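Novice: Please read through the structure below; I'll follow up with questions.
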Amino acid sequence: MSSIESLYGKLFIAFIGMIMRRDFTNRLKKIKDKKHSLTVDQCLMTLLDIEMRKTGDRWLLKKALTSDQKKVMEAFGIPITILEAALPV
């Protein structure tokens, strides 16, 4: 570490990351079912697969959402209808 301030900054970022990870875990427990449950890492990878492109003033999904993506969106309180309305015609 180059300075004590740098150390404090890195510790703060790690602390915020731990809080976010715990929040993700708690939200994922709500959508857990017996057949299939997502870990935090799987949840993040699922969200990374959502691709959108901008056409004019609108954002469009490149492909339809999977069932896992829909479950994760619901767990985080994101209305799926907003994203599904962005599907190209």
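In the structure tokens, chains take letters A, B, ... by order of appearance, with residues numbered from 1 within each chain and ligands from 1 in the order shown.
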Write out as a JSON list (two decimals) with N, CA, C and O atoms, in the first residue's frame each polymer residue whose atoms come within 12 Å of Lys71 (chain A), counting only C-alpha atoms; drop sequence neighbours fewer than 6 positions from it.

Specialist:
```json
[["chain", "number", "residue", "atom", "x", "y", "z"],
["A", 27, "ARG", "N", -31.89, -11.60, -1.25],
["A", 27, "ARG", "CA", -32.92, -11.48, -2.29],
["A", 27, "ARG", "C", -33.06, -12.80, -3.06],
["A", 27, "ARG", "O", -34.16, -13.16, -3.47],
["A", 28, "LEU", "N", -31.95, -13.51, -3.26],
["A", 28, "LEU", "CA", -32.02, -14.77, -4.00],
["A", 28, "LEU", "C", -32.71, -15.86, -3.19],
["A", 28, "LEU", "O", -33.28, -16.79, -3.75],
["A", 29, "LYS", "N", -32.68, -15.75, -1.87],
["A", 29, "LYS", "CA", -33.39, -16.72, -1.04],
["A", 29, "LYS", "C", -34.88, -16.67, -1.28],
["A", 29, "LYS", "O", -35.58, -17.66, -1.15],
["A", 30, "LYS", "N", -35.39, -15.48, -1.67],
["A", 30, "LYS", "CA", -36.82, -15.33, -1.93],
["A", 30, "LYS", "C", -37.27, -16.11, -3.15],
["A", 30, "LYS", "O", -38.41, -16.55, -3.23],
["A", 31, "ILE", "N", -36.39, -16.29, -4.13],
["A", 31, "ILE", "CA", -36.78, -16.98, -5.36],
["A", 31, "ILE", "C", -36.31, -18.43, -5.38],
["A", 31, "ILE", "O", -36.49, -19.11, -6.37],
["A", 32, "LYS", "N", -35.74, -18.87, -4.30],
["A", 32, "LYS", "CA", -35.21, -20.23, -4.24],
["A", 32, "LYS", "C", -36.36, -21.24, -4.29],
["A", 32, "LYS", "O", -37.34, -21.11, -3.59],
["A", 33, "ASP", "N", -36.22, -22.22, -5.15],
["A", 33, "ASP", "CA", -37.17, -23.32, -5.18],
["A", 33, "ASP", "C", -36.40, -24.62, -5.07],
["A", 33, "ASP", "O", -35.18, -24.65, -5.12],
["A", 36, "HIS", "N", -34.31, -25.65, -8.46],
["A", 36, "HIS", "CA", -33.25, -24.82, -9.02],
["A", 36, "HIS", "C", -33.03, -23.59, -8.14],
["A", 36, "HIS", "O", -33.97, -22.88, -7.84],
["A", 37, "SER", "N", -31.81, -23.38, -7.71],
["A", 37, "SER", "CA", -31.51, -22.16, -6.97],
["A", 37, "SER", "C", -30.22, -21.58, -7.53],
["A", 37, "SER", "O", -29.34, -22.29, -7.99],
["A", 38, "LEU", "N", -30.13, -20.27, -7.51],
["A", 38, "LEU", "CA", -28.97, -19.58, -8.05],
["A", 38, "LEU", "C", -28.06, -19.10, -6.93],
["A", 38, "LEU", "O", -28.52, -18.60, -5.91],
["A", 43, "CYS", "N", -26.07, -15.70, -10.39],
["A", 43, "CYS", "CA", -26.99, -14.59, -10.60],
["A", 43, "CYS", "C", -26.32, -13.48, -11.40],
["A", 43, "CYS", "O", -26.88, -12.97, -12.37],
["A", 46, "THR", "N", -25.82, -14.52, -14.95],
["A", 46, "THR", "CA", -27.11, -14.49, -15.65],
["A", 46, "THR", "C", -27.43, -13.08, -16.10],
["A", 46, "THR", "O", -27.88, -12.85, -17.23],
["A", 47, "LEU", "N", -27.19, -12.11, -15.22],
["A", 47, "LEU", "CA", -27.47, -10.72, -15.57],
["A", 47, "LEU", "C", -26.51, -10.18, -16.63],
["A", 47, "LEU", "O", -26.88, -9.33, -17.43],
["A", 65, "LEU", "N", -35.62, -12.62, -22.66],
["A", 65, "LEU", "CA", -35.09, -12.98, -21.35],
["A", 65, "LEU", "C", -35.34, -14.45, -21.06],
["A", 65, "LEU", "O", -36.39, -14.99, -21.40],
["A", 77, "GLY", "N", -36.86, -6.56, -7.83],
["A", 77, "GLY", "CA", -37.93, -5.58, -7.96],
["A", 77, "GLY", "C", -37.92, -4.80, -9.27],
["A", 77, "GLY", "O", -38.47, -3.71, -9.34],
["A", 78, "ILE", "N", -37.29, -5.35, -10.31],
["A", 78, "ILE", "CA", -37.26, -4.70, -11.61],
["A", 78, "ILE", "C", -38.43, -5.23, -12.42],
["A", 78, "ILE", "O", -38.53, -6.44, -12.65],
["A", 79, "PRO", "N", -39.34, -4.36, -12.84],
["A", 79, "PRO", "CA", -40.49, -4.83, -13.62],
["A", 79, "PRO", "C", -40.05, -5.44, -14.95],
["A", 79, "PRO", "O", -39.36, -4.80, -15.74],
["A", 80, "ILE", "N", -40.43, -6.67, -15.18],
["A", 80, "ILE", "CA", -40.03, -7.38, -16.39],
["A", 80, "ILE", "C", -40.72, -6.78, -17.62],
["A", 80, "ILE", "O", -40.16, -6.77, -18.71]]
```

Novice: Give the strand (DSSP E) residues of chain A, as assigned by DSSP on the backbone, as a ChimeraX atom specification.

Specialist: /A:52-55,58-61

Novice: When distances are computed from only C-alpha atoms, which of A:Tyr8, A:Phe76, A:Ala64, A:Glu51 shows the smallest separation from Thr25 (chain A)?

Specialist: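 Ranking A:Tyr8, A:Phe76, A:Ala64, A:Glu51 by distance to Thr25 (chain A), first place goes to A:Phe76.
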
Novice: Do you have the CA of Val40 (chain A)-CA of Ser6 (chain A) distance handy?

Specialist: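 Calculated distance between CA of Val40 (chain A) and CA of Ser6 (chain A) is 27.9 Å.
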
Novice: Running DSSP on the backbone, which parts of chain A land in alpha helix (DSSP H), as number ranges by chain?

Specialist: A: 4-30, 40-48, 67-75, 80-84
